[in-house]
Amino acid sequence: MELIRIVVRNLTYFLLLNAVLLPLMVLGPLFYVIPFFCIVANPQDSFSGLAQLYFWLGPLSCAFWMLVSCHWQTVRRAQREGRLATWRESEGGMLCTVTKAFAYMVLGLFCSFFFEITFLVVFSFRPGNPYRNMLWFTILPFATFAPVILLWLSRWMRSRKQGDFISRTKNDRELQDKLRAASLYAKNLRNRNTHCWQEEG
């Protein structure tokens, strides 16, 4: 009986913690507009408590978005190619994908703290000046979410380079012939599958 009570208590604690932290992590980027309303409502107030709250909770949101962004590109590609059911196996299996996602999450957390500390060293928070406070709260999300921004930027640049591959293909006769042969082979496979379905039906 005591064991059941401990399990129920721990499960309740876990669910409550998730109910509090999950919205903060998912909606974290949207919460960065709140300080502007506070500064406009009371410009001479000290917002150092709010700055500390954003400093400590922002990296949790960054870690969540790094976790989401980790496999986003490969999942979307698998979805476009119609192999979403076997996506995890083609990416190395459960252990590989979970380990990679965990590494991205931890890296996002610590890199976010690093960028925030660098931001604080360069541009410290001094309450009292509403314009400086607004500028500080404007730049803070870029420091907090710098790992996510850098990840998305690197992936965008990599996709641009792949676009250059397509333009190089237009000038490469041998590669064009290989792509044409692969396309014809895929078309023949589709036609064969269609005929098999029609014969069975």
# chains A, B, ... in the order shown; residues from 1 in each chain; ligands from 1
call {"tool": "select_by_dssp", "arguments": {"residues": "segment 18-108 of chain A", "states": "alpha helix (DSSP H)", "output": "PyMOL selection string"}}
result
chain A and resi 18-26+34-41+48-70+72-81+87-90+93-108
call {"tool": "residues_around", "arguments": {"residues": "segment 42-54 of chain A", "least_positions_apart": "2", "cutoff": "6 Å", "atoms": "only C-alpha atoms", "output": "count of residues only"}}
result
8
call {"tool": "atom_distance", "arguments": {"atom1": "atom CA of Thr99 of chain A", "atom2": "atom CA of Leu15 of chain A"}}
result
23.7 Å
call {"tool": "closest_residue", "arguments": {"among": "A:Phe36, A:Arg192, A:Lys178, A:Thr86", "to": "Arg132 of chain A", "atoms": "only C-alpha atoms"}}
result
A:Phe36
call {"tool": "closest_residue", "arguments": {"among": "A:Phe113, A:Phe55, A:Phe102, A:Trp65", "to": "Val148 of chain A", "atoms": "only C-alpha atoms"}}
result
A:Trp65
call {"tool": "atom_distance", "arguments": {"atom1": "atom CA of Ala103 of chain A", "atom2": "atom CA of Val121 of chain A"}}
result
26.8 Å
call {"tool": "decode", "arguments": {"residues": "segment 42-187 of chain A", "atoms": "C-alpha atoms", "output": "CSV table (one decimal), in the first residue's frame"}}
result
chain,number,residue,atom,x,y,z
A,42,ASN,CA,5.3,51.5,-15.5
A,43,PRO,CA,8.5,52.9,-17.1
A,44,GLN,CA,10.4,53.8,-13.9
A,45,ASP,CA,9.9,50.4,-12.2
A,46,SER,CA,12.8,48.0,-11.7
A,47,PHE,CA,12.5,44.9,-13.9
A,48,SER,CA,15.5,43.1,-12.5
A,49,GLY,CA,13.3,40.2,-11.2
A,50,LEU,CA,11.7,39.8,-14.6
A,51,ALA,CA,15.2,39.9,-16.2
A,52,GLN,CA,16.3,37.1,-13.9
A,53,LEU,CA,13.2,35.0,-14.6
A,54,TYR,CA,13.8,35.3,-18.3
A,55,PHE,CA,17.5,34.5,-17.8
A,56,TRP,CA,16.8,31.2,-16.0
A,57,LEU,CA,13.7,30.0,-18.0
A,58,GLY,CA,14.8,31.1,-21.5
A,59,PRO,CA,17.4,28.3,-21.9
A,60,LEU,CA,14.8,25.6,-21.0
A,61,SER,CA,12.7,26.9,-23.9
A,62,CYS,CA,15.8,27.0,-26.1
A,63,ALA,CA,16.6,23.4,-25.2
A,64,PHE,CA,13.0,22.3,-26.1
A,65,TRP,CA,13.2,24.0,-29.5
A,66,MET,CA,16.6,22.5,-30.2
A,67,LEU,CA,15.0,19.1,-29.4
A,68,VAL,CA,12.2,19.8,-31.8
A,69,SER,CA,14.6,21.1,-34.5
A,70,CYS,CA,17.0,18.2,-34.2
A,71,HIS,CA,15.1,15.8,-36.4
A,72,TRP,CA,12.6,18.2,-38.0
A,73,GLN,CA,14.5,18.3,-41.4
A,74,THR,CA,14.8,14.5,-41.7
A,75,VAL,CA,11.2,13.9,-40.6
A,76,ARG,CA,9.9,16.3,-43.2
A,77,ARG,CA,12.1,14.8,-45.9
A,78,ALA,CA,10.9,11.3,-45.0
A,79,GLN,CA,7.3,12.6,-45.0
A,80,ARG,CA,7.7,14.0,-48.5
A,81,GLU,CA,9.3,10.8,-49.7
A,82,GLY,CA,6.5,8.7,-48.2
A,83,ARG,CA,8.7,6.7,-45.8
A,84,LEU,CA,7.6,8.3,-42.6
A,85,ALA,CA,6.8,4.8,-41.0
A,86,THR,CA,10.5,3.8,-41.5
A,87,TRP,CA,12.0,7.1,-40.7
A,88,ARG,CA,13.6,6.2,-37.4
A,89,GLU,CA,15.2,3.0,-38.8
A,90,SER,CA,16.7,4.9,-41.8
A,91,GLU,CA,18.2,7.4,-39.3
A,92,GLY,CA,20.0,4.8,-37.3
A,93,GLY,CA,17.2,3.4,-35.0
A,94,MET,CA,15.8,4.4,-31.6
A,95,LEU,CA,19.1,4.6,-29.8
A,96,CYS,CA,20.7,6.8,-32.4
A,97,THR,CA,17.8,9.3,-32.8
A,98,VAL,CA,17.1,9.6,-29.1
A,99,THR,CA,20.8,10.1,-28.3
A,100,LYS,CA,21.1,12.7,-31.0
A,101,ALA,CA,18.0,14.5,-29.8
A,102,PHE,CA,19.3,14.5,-26.2
A,103,ALA,CA,22.7,15.8,-27.3
A,104,TYR,CA,21.0,18.6,-29.2
A,105,MET,CA,18.8,19.5,-26.2
A,106,VAL,CA,21.7,19.6,-23.7
A,107,LEU,CA,23.9,21.5,-26.2
A,108,GLY,CA,21.1,24.0,-26.7
A,109,LEU,CA,20.7,24.5,-22.9
A,110,PHE,CA,24.4,25.1,-22.2
A,111,CYS,CA,25.0,27.2,-25.4
A,112,SER,CA,21.9,29.3,-24.5
A,113,PHE,CA,23.4,30.0,-21.0
A,114,PHE,CA,26.8,30.8,-22.7
A,115,PHE,CA,25.2,33.3,-25.1
A,116,GLU,CA,23.1,34.9,-22.3
A,117,ILE,CA,26.2,35.2,-20.0
A,118,THR,CA,28.1,36.8,-22.9
A,119,PHE,CA,25.2,39.1,-23.5
A,120,LEU,CA,25.1,40.1,-19.8
A,121,VAL,CA,28.9,40.8,-19.8
A,122,VAL,CA,28.6,43.0,-22.9
A,123,PHE,CA,25.3,44.7,-22.1
A,124,SER,CA,24.4,44.5,-18.4
A,125,PHE,CA,20.9,45.2,-17.1
A,126,ARG,CA,20.6,48.5,-15.3
A,127,PRO,CA,17.1,49.3,-14.1
A,128,GLY,CA,15.6,52.8,-14.3
A,129,ASN,CA,16.0,53.8,-17.9
A,130,PRO,CA,13.0,52.5,-19.8
A,131,TYR,CA,14.6,52.8,-23.2
A,132,ARG,CA,17.6,50.9,-22.2
A,133,ASN,CA,15.4,48.3,-20.6
A,134,MET,CA,13.4,47.9,-23.8
A,135,LEU,CA,16.5,47.5,-25.8
A,136,TRP,CA,17.9,45.0,-23.3
A,137,PHE,CA,14.6,42.9,-23.5
A,138,THR,CA,14.6,43.2,-27.3
A,139,ILE,CA,18.1,41.7,-27.7
A,140,LEU,CA,17.8,39.1,-24.9
A,141,PRO,CA,15.7,36.6,-27.0
A,142,PHE,CA,18.3,36.6,-29.7
A,143,ALA,CA,21.0,35.7,-27.2
A,144,THR,CA,18.8,33.1,-25.5
A,145,PHE,CA,17.7,31.4,-28.8
A,146,ALA,CA,21.0,31.8,-30.5
A,147,PRO,CA,21.7,28.1,-30.7
A,148,VAL,CA,18.3,27.5,-32.4
A,149,ILE,CA,18.9,30.5,-34.8
A,150,LEU,CA,22.3,29.2,-35.7
A,151,LEU,CA,21.0,25.7,-36.3
A,152,TRP,CA,18.3,26.9,-38.6
A,153,LEU,CA,20.7,29.3,-40.4
A,154,SER,CA,23.2,26.5,-41.0
A,155,ARG,CA,20.5,24.2,-42.3
A,156,TRP,CA,19.2,27.0,-44.6
A,157,MET,CA,22.7,27.6,-45.9
A,158,ARG,CA,23.2,23.8,-46.5
A,159,SER,CA,20.0,23.6,-48.4
A,160,ARG,CA,21.1,26.6,-50.5
A,161,LYS,CA,24.3,24.6,-51.4
A,162,GLN,CA,22.2,21.7,-52.4
A,163,GLY,CA,20.3,24.1,-54.7
A,164,ASP,CA,23.7,24.8,-56.3
A,165,PHE,CA,24.0,21.1,-56.8
A,166,ILE,CA,20.9,21.2,-59.0
A,167,SER,CA,22.2,24.1,-61.0
A,168,ARG,CA,25.5,22.2,-61.5
A,169,THR,CA,23.5,19.1,-62.7
A,170,LYS,CA,22.2,21.2,-65.6
A,171,ASN,CA,25.7,21.4,-67.0
A,172,ASP,CA,26.9,17.8,-66.3
A,173,ARG,CA,25.8,15.5,-69.1
A,174,GLU,CA,26.9,12.3,-67.3
A,175,LEU,CA,25.0,13.1,-64.2
A,176,GLN,CA,21.9,14.0,-66.3
A,177,ASP,CA,22.0,10.6,-67.9
A,178,LYS,CA,22.3,8.9,-64.6
A,179,LEU,CA,19.3,10.8,-63.2
A,180,ARG,CA,17.3,10.2,-66.3
A,181,ALA,CA,18.1,6.4,-66.0
A,182,ALA,CA,17.1,6.4,-62.4
A,183,SER,CA,13.9,8.2,-63.2
A,184,LEU,CA,13.0,5.7,-66.0
A,185,TYR,CA,13.7,2.8,-63.6
A,186,ALA,CA,11.4,4.3,-60.9
A,187,LYS,CA,8.7,4.9,-63.6
